[in-house]
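Raw my_file21.csv, CSV, C-alpha atoms:
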chain,number,residue,atom,x,y,z
P,886,MET,CA,-33.8,19.5,48.6
P,887,LYS,CA,-30.0,19.9,48.5
P,888,GLU,CA,-27.5,18.9,45.9
P,889,ASN,CA,-26.6,15.8,48.0
P,890,ASP,CA,-30.2,14.6,48.0
P,891,ILE,CA,-30.5,15.0,44.3
P,892,ALA,CA,-27.3,13.0,43.8
P,893,LYS,CA,-28.7,10.3,46.1
P,894,LYS,CA,-32.0,10.1,44.2
P,895,LEU,CA,-30.3,10.1,40.8
P,896,GLY,CA,-27.7,7.6,42.1
P,897,VAL,CA,-29.8,4.7,40.8
P,898,LEU,CA,-29.0,5.8,37.2
P,899,LYS,CA,-25.4,4.9,37.9
P,900,GLU,CA,-26.7,1.3,37.8
P,901,VAL,CA,-27.2,1.7,34.1
P,902,MET,CA,-24.1,-0.2,33.0
P,903,PRO,CA,-23.2,-2.4,30.1
P,904,SER,CA,-22.0,-5.9,30.9
P,905,THR,CA,-18.3,-6.6,30.8
P,906,LYS,CA,-19.0,-9.1,28.1
P,907,ARG,CA,-20.5,-6.4,26.0
P,908,THR,CA,-17.7,-3.9,26.5
P,909,ASP,CA,-15.1,-6.7,25.7
P,910,ARG,CA,-16.9,-7.6,22.5
P,911,MET,CA,-17.0,-3.9,21.5
P,912,LYS,CA,-13.3,-3.6,22.4
P,913,VAL,CA,-12.4,-6.5,20.1
P,914,LYS,CA,-14.3,-4.9,17.2
P,915,LEU,CA,-12.8,-1.5,17.9
P,916,LEU,CA,-9.2,-2.9,18.0
P,917,GLN,CA,-9.9,-4.7,14.7
P,918,LYS,CA,-11.0,-1.4,13.1
P,919,ILE,CA,-8.0,0.4,14.4
P,920,ASP,CA,-5.7,-2.3,13.0
P,921,GLU,CA,-7.4,-2.2,9.6
P,922,ASN,CA,-7.0,1.6,9.6
P,923,LEU,CA,-3.4,1.3,10.6
P,924,THR,CA,-2.6,-1.1,7.7
P,925,ARG,CA,-4.4,1.0,5.2
P,926,ASN,CA,-2.8,4.3,6.4
P,927,THR,CA,0.6,2.7,6.3
P,928,SER,CA,0.3,1.7,2.6
P,929,ILE,CA,-1.3,5.0,1.6
P,930,SER,CA,1.3,7.1,3.4
P,931,TYR,CA,4.1,5.1,1.8
P,932,SER,CA,2.7,5.7,-1.6
P,933,LYS,CA,2.0,9.3,-0.8
P,934,ASN,CA,5.4,10.1,0.6
P,935,PHE,CA,7.4,8.2,-2.0
P,936,SER,CA,8.2,10.8,-4.7
P,937,PRO,CA,11.7,10.2,-6.2
P,938,PRO,CA,13.6,13.3,-7.3
P,939,LEU,CA,12.9,14.4,-10.9
P,940,TYR,CA,16.4,13.8,-12.1
P,941,ILE,CA,16.2,10.1,-10.9
P,942,VAL,CA,13.0,9.6,-12.9
P,943,PHE,CA,14.6,11.3,-15.9
P,944,PHE,CA,17.7,9.1,-15.6
P,945,ILE,CA,15.6,5.9,-15.3
P,946,PHE,CA,13.6,7.0,-18.4
P,947,LEU,CA,16.8,7.6,-20.4
P,948,LEU,CA,18.2,4.2,-19.2
P,949,LEU,CA,15.0,2.4,-20.3
P,950,LEU,CA,14.9,4.3,-23.6
P,951,GLY,CA,18.6,3.4,-24.2
P,952,SER,CA,18.1,-0.2,-23.4
P,953,PHE,CA,15.1,-0.4,-25.6
P,954,TYR,CA,16.9,1.4,-28.4
P,955,THR,CA,20.0,-0.8,-28.1
P,956,LEU,CA,18.0,-4.1,-28.0
P,957,ASN,CA,15.9,-3.1,-31.0
P,958,THR,CA,18.5,-1.4,-33.2
P,959,GLN,CA,21.6,-3.5,-32.4
P,960,LYS,CA,21.1,-5.7,-35.4
P,961,SER,CA,20.5,-2.8,-37.8
P,962,THR,CA,23.3,-0.5,-36.6
P,963,GLN,CA,25.9,-3.2,-36.3
P,964,PRO,CA,26.3,-3.8,-40.1
P,965,PHE,CA,26.5,0.0,-40.5
P,966,ILE,CA,29.3,0.2,-37.9
P,967,TYR,CA,31.2,-2.6,-39.6
P,968,SER,CA,30.7,-1.0,-43.0
P,969,VAL,CA,32.2,2.2,-41.6
P,970,LYS,CA,35.0,0.3,-40.0
P,971,ILE,CA,35.7,-1.6,-43.2
P,972,ALA,CA,35.7,1.6,-45.3
P,973,MET,CA,38.2,3.2,-42.9
P,974,ALA,CA,40.5,0.2,-42.7
P,975,GLY,CA,44.0,0.8,-44.0
P,976,ASN,CA,44.3,-2.2,-46.4
P,977,HIS,CA,42.5,-5.0,-48.0
P,978,TYR,CA,43.6,-7.6,-45.4
P,979,GLU,CA,42.3,-5.4,-42.6
P,980,LYS,CA,39.0,-5.0,-44.5
P,981,THR,CA,38.7,-8.8,-45.0
P,982,LYS,CA,39.5,-9.4,-41.3
P,983,LEU,CA,36.7,-7.0,-40.2
P,984,ALA,CA,34.2,-8.5,-42.7
P,985,PHE,CA,35.1,-12.0,-41.3
P,986,GLU,CA,34.8,-10.8,-37.7
P,987,GLU,CA,31.3,-9.6,-38.5
P,988,ALA,CA,30.3,-12.8,-40.2
P,989,GLN,CA,31.6,-14.8,-37.2
P,990,MET,CA,29.7,-12.6,-34.8
P,991,GLN,CA,26.5,-13.1,-36.8
P,992,PHE,CA,27.1,-16.8,-36.8
P,993,ASN,CA,27.6,-17.0,-33.0
P,994,SER,CA,24.4,-15.1,-32.4
P,995,MET,CA,22.5,-17.0,-35.0
P,996,ASN,CA,19.0,-18.0,-33.9
P,997,ASN,CA,18.1,-21.4,-35.2
P,998,SER,CA,14.4,-20.9,-35.2
P,999,ASN,CA,14.6,-17.6,-37.1
P,1000,GLY,CA,15.1,-17.8,-40.8
P,1001,SER,CA,16.0,-14.2,-41.3
P,1002,SER,CA,19.1,-14.8,-39.1
P,1003,TYR,CA,20.4,-17.3,-41.6
P,1004,GLN,CA,20.0,-14.7,-44.3
P,1005,GLU,CA,22.0,-12.3,-42.2
P,1006,VAL,CA,24.8,-14.8,-41.6
P,1007,LEU,CA,24.8,-15.7,-45.3
P,1008,ALA,CA,24.9,-12.0,-46.3
P,1009,THR,CA,28.0,-11.3,-44.0
P,1010,THR,CA,29.6,-14.5,-45.1
P,1011,GLY,CA,29.1,-13.5,-48.7
P,1012,THR,CA,30.7,-10.1,-48.0
P,1013,THR,CA,33.7,-11.9,-46.3
P,1014,ASN,CA,34.0,-14.2,-49.3
P,1015,GLU,CA,34.1,-11.3,-51.6
P,1016,TYR,CA,36.8,-9.6,-49.6
P,1017,ILE,CA,38.9,-12.7,-49.0
P,1018,SER,CA,38.7,-13.6,-52.7
P,1019,ASN,CA,40.5,-10.4,-53.6
P,1020,LEU,CA,43.4,-10.9,-51.2
P,1021,HIS,CA,46.8,-11.3,-52.7
P,1022,LEU,CA,47.8,-14.8,-51.6
P,1023,GLN,CA,51.5,-13.9,-51.6
P,1024,GLY,CA,50.8,-10.9,-49.5
P,1025,GLU,CA,51.3,-7.2,-50.1
P,1026,LYS,CA,54.5,-5.5,-49.2
P,1027,GLY,CA,54.1,-3.3,-46.1
P,1028,LYS,CA,50.5,-4.4,-45.7
P,1029,TYR,CA,50.2,-8.1,-44.9
P,1030,THR,CA,52.2,-11.2,-45.4
P,1031,ALA,CA,51.4,-14.5,-47.1
P,1032,GLU,CA,51.5,-16.2,-43.7
P,1033,GLN,CA,48.8,-13.8,-42.4
P,1034,CYS,CA,46.7,-14.4,-45.5
P,1035,LYS,CA,47.1,-18.2,-45.2
P,1036,LYS,CA,46.1,-18.2,-41.5
P,1037,LEU,CA,43.0,-16.1,-42.3
P,1038,TYR,CA,42.0,-18.5,-45.1
P,1039,GLN,CA,42.4,-21.5,-42.7
P,1040,GLN,CA,40.2,-19.8,-40.2
P,1041,TYR,CA,37.7,-18.9,-42.9
P,1042,ALA,CA,37.6,-22.5,-44.1
P,1043,SER,CA,37.0,-23.8,-40.5
P,1044,TYR,CA,34.2,-21.2,-40.1
P,1045,LEU,CA,32.6,-22.4,-43.4
P,1046,SER,CA,32.7,-26.0,-42.2
P,1047,LEU,CA,31.0,-25.1,-39.0
P,1048,LEU,CA,28.4,-23.0,-40.8
P,1049,LYS,CA,27.7,-25.8,-43.3
P,1050,ASN,CA,27.2,-28.3,-40.4
P,1051,ARG,CA,24.8,-26.0,-38.8
P,1052,LEU,CA,22.9,-25.5,-42.0
P,1053,GLN,CA,22.8,-29.3,-42.6
P,1054,SER,CA,21.5,-29.9,-39.1
P,1055,GLN,CA,18.8,-27.3,-39.6
P,1056,LYS,CA,18.0,-28.6,-43.1
P,1057,GLN,CA,18.7,-25.2,-44.8
P,1058,GLN,CA,19.6,-26.8,-48.1
P,1059,SER,CA,19.4,-23.6,-50.3
P,1060,TYR,CA,21.9,-21.9,-48.0
P,1061,GLU,CA,24.0,-25.0,-47.8
P,1062,ALA,CA,24.7,-25.0,-51.5
P,1063,GLN,CA,26.0,-21.4,-51.3
P,1064,ILE,CA,28.4,-22.3,-48.5
P,1065,SER,CA,29.6,-25.4,-50.4
P,1066,GLN,CA,30.5,-23.0,-53.2
P,1067,TYR,CA,32.5,-20.8,-50.8
P,1068,GLN,CA,34.2,-23.8,-49.4
P,1069,GLU,CA,35.3,-24.9,-52.9
P,1070,GLN,CA,36.8,-21.5,-53.5
P,1071,ALA,CA,38.5,-21.4,-50.1
P,1072,LYS,CA,39.9,-24.9,-50.8
P,1073,SER,CA,41.4,-24.0,-54.1
P,1074,ARG,CA,42.9,-20.8,-52.7
P,1075,LEU,CA,44.4,-22.7,-49.8
P,1076,ALA,CA,45.9,-25.2,-52.3
P,1077,TYR,CA,48.2,-22.4,-53.4
P,1078,TYR,CA,50.0,-22.5,-50.1
P,1079,LYS,CA,50.6,-26.2,-50.4
P,1080,THR,CA,52.5,-25.6,-53.7
P,1081,GLN,CA,54.5,-22.9,-52.0
P,1082,VAL,CA,55.9,-25.2,-49.3
U,1210,MET,CA,2.7,2.5,18.1
U,1211,LYS,CA,2.5,-0.2,20.6
U,1212,ASP,CA,2.7,2.3,23.4
U,1213,LYS,CA,-0.2,4.3,21.8
U,1214,LYS,CA,-2.3,1.1,21.6
U,1215,ALA,CA,-1.6,0.2,25.2
U,1216,TYR,CA,-2.5,3.7,26.3
U,1217,PHE,CA,-5.7,3.5,24.2
U,1218,GLU,CA,-6.7,0.2,25.7
U,1219,LYS,CA,-6.1,1.5,29.2
U,1220,VAL,CA,-8.3,4.5,28.6
U,1221,TYR,CA,-11.0,2.3,27.0
U,1222,ASP,CA,-11.0,-0.1,30.0
U,1223,THR,CA,-11.2,2.8,32.4
U,1224,TYR,CA,-13.9,4.9,30.8
U,1225,THR,CA,-16.0,2.8,28.4
U,1226,LYS,CA,-18.7,1.9,30.9
U,1227,GLN,CA,-19.2,5.5,31.9
U,1228,ILE,CA,-19.2,6.7,28.4
U,1229,PHE,CA,-21.6,4.0,27.4
U,1230,ARG,CA,-24.0,5.0,30.2
U,1231,PHE,CA,-23.8,8.6,29.3
U,1232,ILE,CA,-24.7,7.8,25.7
U,1233,TYR,CA,-27.4,5.3,26.7
U,1234,LEU,CA,-29.1,7.8,29.0
U,1235,ARG,CA,-29.4,10.1,26.0
U,1236,THR,CA,-30.4,7.7,23.3
U,1237,ASN,CA,-32.2,4.8,25.2
U,1238,ASN,CA,-31.2,2.4,22.5
U,1239,THR,CA,-28.5,-0.2,23.0
U,1240,GLN,CA,-27.5,-0.6,19.4
U,1241,ILE,CA,-27.2,3.1,18.8
U,1242,THR,CA,-25.3,3.5,22.0
U,1243,GLU,CA,-22.8,0.8,20.9
U,1244,ASP,CA,-22.3,2.6,17.6
U,1245,ILE,CA,-21.8,6.0,19.2
U,1246,ASN,CA,-19.6,4.5,21.9
U,1247,SER,CA,-17.3,2.8,19.2
U,1248,GLU,CA,-17.2,6.0,17.2
U,1249,THR,CA,-16.3,8.0,20.3
U,1250,PHE,CA,-13.3,5.7,21.0
U,1251,LEU,CA,-12.3,5.7,17.3
U,1252,ARG,CA,-12.1,9.4,17.3
U,1253,PHE,CA,-10.2,9.3,20.6
U,1254,TRP,CA,-7.8,6.9,18.9
U,1255,LYS,CA,-7.3,9.4,16.0
U,1256,SER,CA,-6.4,12.0,18.6
U,1257,ILE,CA,-3.7,9.7,20.0
U,1258,GLU,CA,-2.5,8.8,16.5
U,1259,GLN,CA,-2.2,12.5,15.6
U,1260,GLU,CA,-0.3,13.0,18.9
U,1261,ILE,CA,-2.7,15.7,20.0
U,1262,VAL,CA,-1.9,16.6,23.6
U,1263,ILE,CA,-4.7,15.2,25.8
U,1264,ASN,CA,-4.8,16.7,29.3
U,1265,ASN,CA,-8.1,15.1,30.5
U,1266,GLU,CA,-9.1,11.9,28.7
U,1267,ARG,CA,-12.4,11.7,30.5
U,1268,ALA,CA,-13.5,15.2,29.5
U,1269,LEU,CA,-12.3,14.6,25.9
U,1270,LEU,CA,-14.3,11.4,25.7
U,1271,TYR,CA,-17.5,13.0,27.0
U,1272,THR,CA,-17.0,15.9,24.6
U,1273,ILE,CA,-16.6,13.6,21.6
U,1274,ALA,CA,-19.6,11.4,22.6
U,1275,ARG,CA,-21.8,14.5,23.1
U,1276,ARG,CA,-20.9,15.9,19.7
U,1277,ILE,CA,-21.7,12.5,18.0
U,1278,ILE,CA,-25.0,12.3,19.9
U,1279,ILE,CA,-25.9,15.8,18.7
U,1280,ASP,CA,-24.9,14.9,15.1
U,1281,TYR,CA,-26.9,11.7,15.4
U,1282,TYR,CA,-30.1,13.5,16.4
U,1283,ARG,CA,-29.5,16.2,13.8
U,1284,SER,CA,-29.1,13.7,11.0
U,1285,LYS,CA,-31.9,11.3,12.1
U,1286,LYS,CA,-34.2,14.0,13.3
U,1287,ASN,CA,-34.9,11.4,16.0
U,1288,LYS,CA,-35.4,13.7,18.8
U,1289,ASP,CA,-38.2,11.8,20.5
U,1290,GLU,CA,-36.5,9.5,22.8
U,1291,VAL,CA,-38.2,6.2,23.7
U,1292,GLN,CA,-38.5,4.1,26.8
U,1293,LEU,CA,-35.5,2.1,28.1
U,1294,ASP,CA,-35.4,-0.5,25.4
U,1295,GLU,CA,-33.8,-3.5,27.0
U,1296,SER,CA,-31.6,-4.7,29.8
U,1297,LEU,CA,-27.9,-3.9,29.4
U,1298,GLU,CA,-26.9,-7.0,31.1
U,1299,ASP,CA,-26.7,-10.5,29.7
U,1300,LYS,CA,-30.0,-12.2,30.0
U,1301,HIS,CA,-29.1,-15.3,32.0
U,1302,TYR,CA,-30.3,-14.7,35.6
U,1303,ASN,CA,-31.6,-17.0,38.2
U,1304,TYR,CA,-35.0,-16.2,39.8
U,1305,ASN,CA,-33.6,-14.0,42.6
U,1306,GLU,CA,-31.3,-12.1,40.3
U,1307,MET,CA,-34.2,-11.6,37.9
U,1308,ILE,CA,-36.5,-10.1,40.6
U,1309,GLU,CA,-33.6,-7.9,41.7
U,1310,LYS,CA,-33.0,-6.9,38.2
U,1311,LEU,CA,-36.6,-6.1,37.5
U,1312,TYR,CA,-36.8,-4.1,40.7
U,1313,LEU,CA,-33.7,-2.2,39.7
U,1314,ASP,CA,-34.9,-1.6,36.2
U,1315,GLN,CA,-38.2,-0.2,37.6
U,1316,ARG,CA,-36.4,2.2,39.8
U,1317,ILE,CA,-34.1,3.2,37.0
U,1318,ALA,CA,-37.1,3.7,34.7
U,1319,LYS,CA,-39.0,5.7,37.4
U,1320,VAL,CA,-36.1,8.2,37.9
U,1321,TYR,CA,-35.3,8.3,34.3
U,1322,GLU,CA,-38.9,9.2,33.4
U,1323,LYS,CA,-38.8,12.0,35.8
U,1324,LEU,CA,-35.5,13.3,34.5
U,1325,LYS,CA,-36.9,13.3,31.0
U,1326,LYS,CA,-39.5,15.8,32.1
U,1327,ILE,CA,-37.0,18.7,32.5
U,1328,LYS,CA,-35.3,20.6,29.6
U,1329,LYS,CA,-32.8,18.7,27.6
U,1330,GLU,CA,-30.1,21.2,28.4
U,1331,TYR,CA,-30.8,20.5,32.2
U,1332,GLN,CA,-31.0,16.8,31.7
U,1333,GLU,CA,-27.5,16.7,30.2
U,1334,ILE,CA,-26.0,18.9,32.9
U,1335,ILE,CA,-27.7,16.8,35.6
U,1336,ILE,CA,-26.4,13.5,34.2
U,1337,LEU,CA,-22.9,14.9,33.8
U,1338,ARG,CA,-22.9,16.3,37.4
U,1339,PHE,CA,-24.8,13.7,39.4
U,1340,VAL,CA,-24.6,10.5,37.5
U,1341,GLU,CA,-21.2,10.8,35.9
U,1342,ASP,CA,-19.8,12.8,38.9
U,1343,LEU,CA,-17.9,15.2,36.8
U,1344,GLU,CA,-16.4,18.4,38.3
U,1345,TYR,CA,-17.8,21.8,37.2
U,1346,GLU,CA,-14.5,22.5,35.5
U,1347,GLU,CA,-14.8,19.3,33.4
U,1348,ILE,CA,-18.4,20.0,32.5
U,1349,ALA,CA,-17.4,23.5,31.4
U,1350,VAL,CA,-14.8,22.0,29.1
U,1351,ILE,CA,-17.3,19.4,27.7
U,1352,LEU,CA,-20.1,21.9,27.1
U,1353,GLY,CA,-17.7,24.7,26.0
U,1354,ARG,CA,-19.0,27.1,28.6
U,1355,LYS,CA,-17.5,29.0,31.5
U,1356,GLU,CA,-17.4,27.3,34.9
U,1357,ASN,CA,-19.6,30.0,36.5
U,1358,ASN,CA,-22.2,29.5,33.8
U,1359,ILE,CA,-22.2,25.8,34.6
U,1360,ARG,CA,-22.8,26.4,38.3
U,1361,VAL,CA,-25.8,28.6,37.4
U,1362,LEU,CA,-27.2,26.0,35.1
U,1363,VAL,CA,-26.8,23.2,37.6
U,1364,HIS,CA,-28.6,25.3,40.2
U,1365,ARG,CA,-31.5,25.9,37.8
U,1366,ALA,CA,-31.6,22.3,36.8
U,1367,ILE,CA,-31.8,21.3,40.5
U,1368,ASP,CA,-34.7,23.7,41.0
U,1369,ASN,CA,-36.5,22.1,38.1
U,1370,LEU,CA,-35.9,18.6,39.4
U,1371,LYS,CA,-37.0,19.5,43.0
U,1372,LYS,CA,-40.5,20.0,41.7
U,1373,ILE,CA,-40.6,16.6,40.0
U,1374,LEU,CA,-38.7,14.2,42.3
Full structure transcribed into structure tokens:
Amino acid sequence: MKENDIAKKLGVLKEVMPSTKRTDRMKVKLLQKIDENLTRNTSISYSKNFSPPLYIVFFIFLLLLGSFYTLNTQKSTQPFIYSVKIAMAGNHYEKTKLAFEEAQMQFNSMNNSNGSSYQEVLATTGTTNEYISNLHLQGEKGKYTAEQCKKLYQQYASYLSLLKNRLQSQKQQSYEAQISQYQEQAKSRLAYYKTQV
Amino acid sequence: MKDKKAYFEKVYDTYTKQIFRFIYLRTNNTQITEDINSETFLRFWKSIEQEIVINNERALLYTIARRIIIDYYRSKKNKDEVQLDESLEDKHYNYNEMIEKLYLDQRIAKVYEKLKKIKKEYQEIIILRFVEDLEYEEIAVILGRKENNIRVLVHRAIDNLKKIL
């Protein structure tokens, strides 16, 4: 028996074949598996390959730390900064202006729903009131004029009115009484300029 | 990636029936054959994905399939192969087709039973050479042997078969 005869006899085994239906079904399953693998590998390889340089990570860390620090300490460092500025100011008028600036800033950023914010505004307003009360209404030679002083008092009086209105609307009566007192003082001081005209 | 998939599908369409047959003649179980066949093509896909240079797709597919079959029998210790378990065709025949099919199945079973009587090593080499019609060179690649060695093995396998057929 030669090779060809063997091949002929075994030829019947070539008839062992899966149906096209079966191979097609297997193909669909196989392609689904491949697609799943591809999706998984893409996401894994992206996360594996993505490693930002160390300095960028450090920079982002500093940025986040800085933002956190600024947000959390802005309120506590601001009075300190103003205190330093006021201490370094050249004359009493400048000191008063800075104290008033701080009070206005606190007022503008006042949170109605937060009681401690009223306290802060009242505290800075109290400081302003203290400084403004010690101004020389006629001015000081070489430092500030009576006109500058008058203008500052007018601004201060307007500010007090706004603050009082806000306190009234928020029913903060205890604070309101304090502001009324400041208003009275400011009114009597401004009366000086009426007599001067 | 689209090119790779298109290439994969082309290879699948060309060789899946042959690979299926090769596996089936070794396992005699349709479900196991399906699983091994799928695993074979999945591994082939990985080779494409990893851009491994493939000179002979057919030889590579048989190599992969053969390794998976060996692993399967090692892990399952399922070395006793059973009779042909079921028809590989869909089971909707008319009467004449059914008779023809039964006749064919009987002939297949007859030859298959005889083939099973020779050494497994010879069975494999006979299937690769006379059923799958592979060249000696390809069989050498698949079995990881030298071509001359394959020729000798085929000759011995034929001698064994002569006594049975």
Gap from atom CA of Phe1339 of chain U to atom CA of Asn1246 of chain U - Å, one decimal: 20.4 Å
Restricting the calculation to all atoms listed in the file, which member of U:Lys1219, U:Asp1244, U:Val1340, U:Asp1280 is positioned closest to Phe1231 of chain U?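 Closest residue, counting all atoms listed in the file: U:Val1340.
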Counting only C-alpha atoms, note down every residue that has an atom within 12 Å of the point (-23.2, 24.4, 40.8) (file coordinates), as an MDAnalysis selection string. (chainID P and resid 887:889) or (chainID U and resid 1334:1335 1337:1339 1343:1346 1348:1349 1355:1368)
Would you list which chain P residues are within 10 Å of chain U using all atoms listed in the file, as an mmCIF file with C-alpha atoms, keeping the file's coordinate frame?
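Result went into selection-v7.cif, see below:
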data_model
loop_
_atom_site.group_PDB
_atom_site.id
_atom_site.type_symbol
_atom_site.label_atom_id
_atom_site.label_comp_id
_atom_site.auth_asym_id
_atom_site.auth_seq_id
_atom_site.Cartn_x
_atom_site.Cartn_y
_atom_site.Cartn_z
ATOM 1 C CA MET P 886 -33.800 19.500 48.600
ATOM 2 C CA LYS P 887 -30.000 19.900 48.500
ATOM 3 C CA GLU P 888 -27.500 18.900 45.900
ATOM 4 C CA ASN P 889 -26.600 15.800 48.000
ATOM 5 C CA ASP P 890 -30.200 14.600 48.000
ATOM 6 C CA ILE P 891 -30.500 15.000 44.300
ATOM 7 C CA ALA P 892 -27.300 13.000 43.800
ATOM 8 C CA LYS P 893 -28.700 10.300 46.100
ATOM 9 C CA LYS P 894 -32.000 10.100 44.200
ATOM 10 C CA LEU P 895 -30.300 10.100 40.800
ATOM 11 C CA GLY P 896 -27.700 7.600 42.100
ATOM 12 C CA VAL P 897 -29.800 4.700 40.800
ATOM 13 C CA LEU P 898 -29.000 5.800 37.200
ATOM 14 C CA LYS P 899 -25.400 4.900 37.900
ATOM 15 C CA GLU P 900 -26.700 1.300 37.800
ATOM 16 C CA VAL P 901 -27.200 1.700 34.100
ATOM 17 C CA MET P 902 -24.100 -0.200 33.000
ATOM 18 C CA PRO P 903 -23.200 -2.400 30.100
ATOM 19 C CA SER P 904 -22.000 -5.900 30.900
ATOM 20 C CA THR P 905 -18.300 -6.600 30.800
ATOM 21 C CA LYS P 906 -19.000 -9.100 28.100
ATOM 22 C CA ARG P 907 -20.500 -6.400 26.000
ATOM 23 C CA THR P 908 -17.700 -3.900 26.500
ATOM 24 C CA ASP P 909 -15.100 -6.700 25.700
ATOM 25 C CA MET P 911 -17.000 -3.900 21.500
ATOM 26 C CA LYS P 912 -13.300 -3.600 22.400
ATOM 27 C CA LYS P 914 -14.300 -4.900 17.200
ATOM 28 C CA LEU P 915 -12.800 -1.500 17.900
ATOM 29 C CA LEU P 916 -9.200 -2.900 18.000
ATOM 30 C CA LYS P 918 -11.000 -1.400 13.100
ATOM 31 C CA ILE P 919 -8.000 0.400 14.400
ATOM 32 C CA ASP P 920 -5.700 -2.300 13.000
ATOM 33 C CA LEU P 923 -3.400 1.300 10.600
#
Would you kindly return, as a PyMOL selection string, each protein, DNA or RNA residue with an atom no farther than 10 Å from any atom of segment 1045-1059 of chain P, considering only C-alpha atoms and excluding same-chain residues fewer than 6 positions away? chain P and resi 989+992-993+997-998+1000+1003+1006-1007+1010+1039+1065+1067-1068+1071
Atomic separation - atom CA of Gln991 of chain P relative to atom CA of Ala1008 of chain P, Å: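 Atom-to-atom, atom CA of Ala1008 of chain P and atom CA of Gln991 of chain P are spaced 9.7 Å apart.
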Do you know which residues are at most 12 Å from Asn1019 of chain P counting all atoms listed in the file, after dropping those on the same chain fewer than 3 positions away, and could you put them as a PyMOL selection string? chain P and resi 976-978+980-981+1012-1016+1022-1025+1034+1038+1070-1071+1074
Record the distance separating atom CA of Thr1242 of chain U and atom CA of Leu1270 of chain U, expressed in Å with one decimal.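 Distance between the two atoms: 14.0 Å.
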Could you pull the residues within 9 Å of Tyr1271 of chain U, counting all atoms listed in the file, minus those fewer than 2 positions along the same chain, as an NGL selection string? :U and (1228 or 1231-1232 or 1249 or 1266-1269 or 1273-1276 or 1337 or 1348 or 1351)
Compile the contact shell of Ile1278 of chain U as JSON, numbers by chain: residues with an atom at most 8 Å away, counting all atoms listed in the file, same-chain residues fewer than 6 positions apart removed. {"U": [1232, 1235, 1236, 1245]}
Fix up segment 1039-1050 of chain P with N, CA and C atoms, then write it as a short mmCIF file (atom, residue, chain, number, x, y, z; two decimals), in the coordinates of the input.
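Result file follows (out31.cif):
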data_model
loop_
_atom_site.label_atom_id
_atom_site.label_comp_id
_atom_site.auth_asym_id
_atom_site.auth_seq_id
_atom_site.Cartn_x
_atom_site.Cartn_y
_atom_site.Cartn_z
N GLN P 1039 42.64 -20.24 -43.53
CA GLN P 1039 42.40 -21.50 -42.70
C GLN P 1039 41.23 -21.26 -41.76
N GLN P 1040 41.28 -20.10 -41.11
CA GLN P 1040 40.20 -19.80 -40.20
C GLN P 1040 38.84 -19.71 -40.89
N TYR P 1041 38.90 -19.09 -42.07
CA TYR P 1041 37.70 -18.90 -42.90
C TYR P 1041 37.14 -20.28 -43.28
N ALA P 1042 38.05 -21.18 -43.68
CA ALA P 1042 37.60 -22.50 -44.10
C ALA P 1042 36.98 -23.29 -42.92
N SER P 1043 37.58 -23.14 -41.74
CA SER P 1043 37.00 -23.80 -40.50
C SER P 1043 35.59 -23.23 -40.26
N TYR P 1044 35.50 -21.91 -40.37
CA TYR P 1044 34.20 -21.20 -40.10
C TYR P 1044 33.16 -21.76 -41.12
N LEU P 1045 33.56 -21.90 -42.38
CA LEU P 1045 32.60 -22.40 -43.40
C LEU P 1045 32.13 -23.79 -43.08
N SER P 1046 33.04 -24.62 -42.57
CA SER P 1046 32.70 -26.00 -42.20
C SER P 1046 31.62 -25.99 -41.09
N LEU P 1047 31.91 -25.16 -40.08
CA LEU P 1047 31.00 -25.10 -39.00
C LEU P 1047 29.59 -24.58 -39.43
N LEU P 1048 29.63 -23.57 -40.28
CA LEU P 1048 28.40 -23.00 -40.80
C LEU P 1048 27.61 -24.03 -41.61
N LYS P 1049 28.36 -24.77 -42.43
CA LYS P 1049 27.70 -25.80 -43.30
C LYS P 1049 27.05 -26.87 -42.39
N ASN P 1050 27.80 -27.30 -41.36
CA ASN P 1050 27.20 -28.30 -40.40
C ASN P 1050 25.95 -27.82 -39.79
#
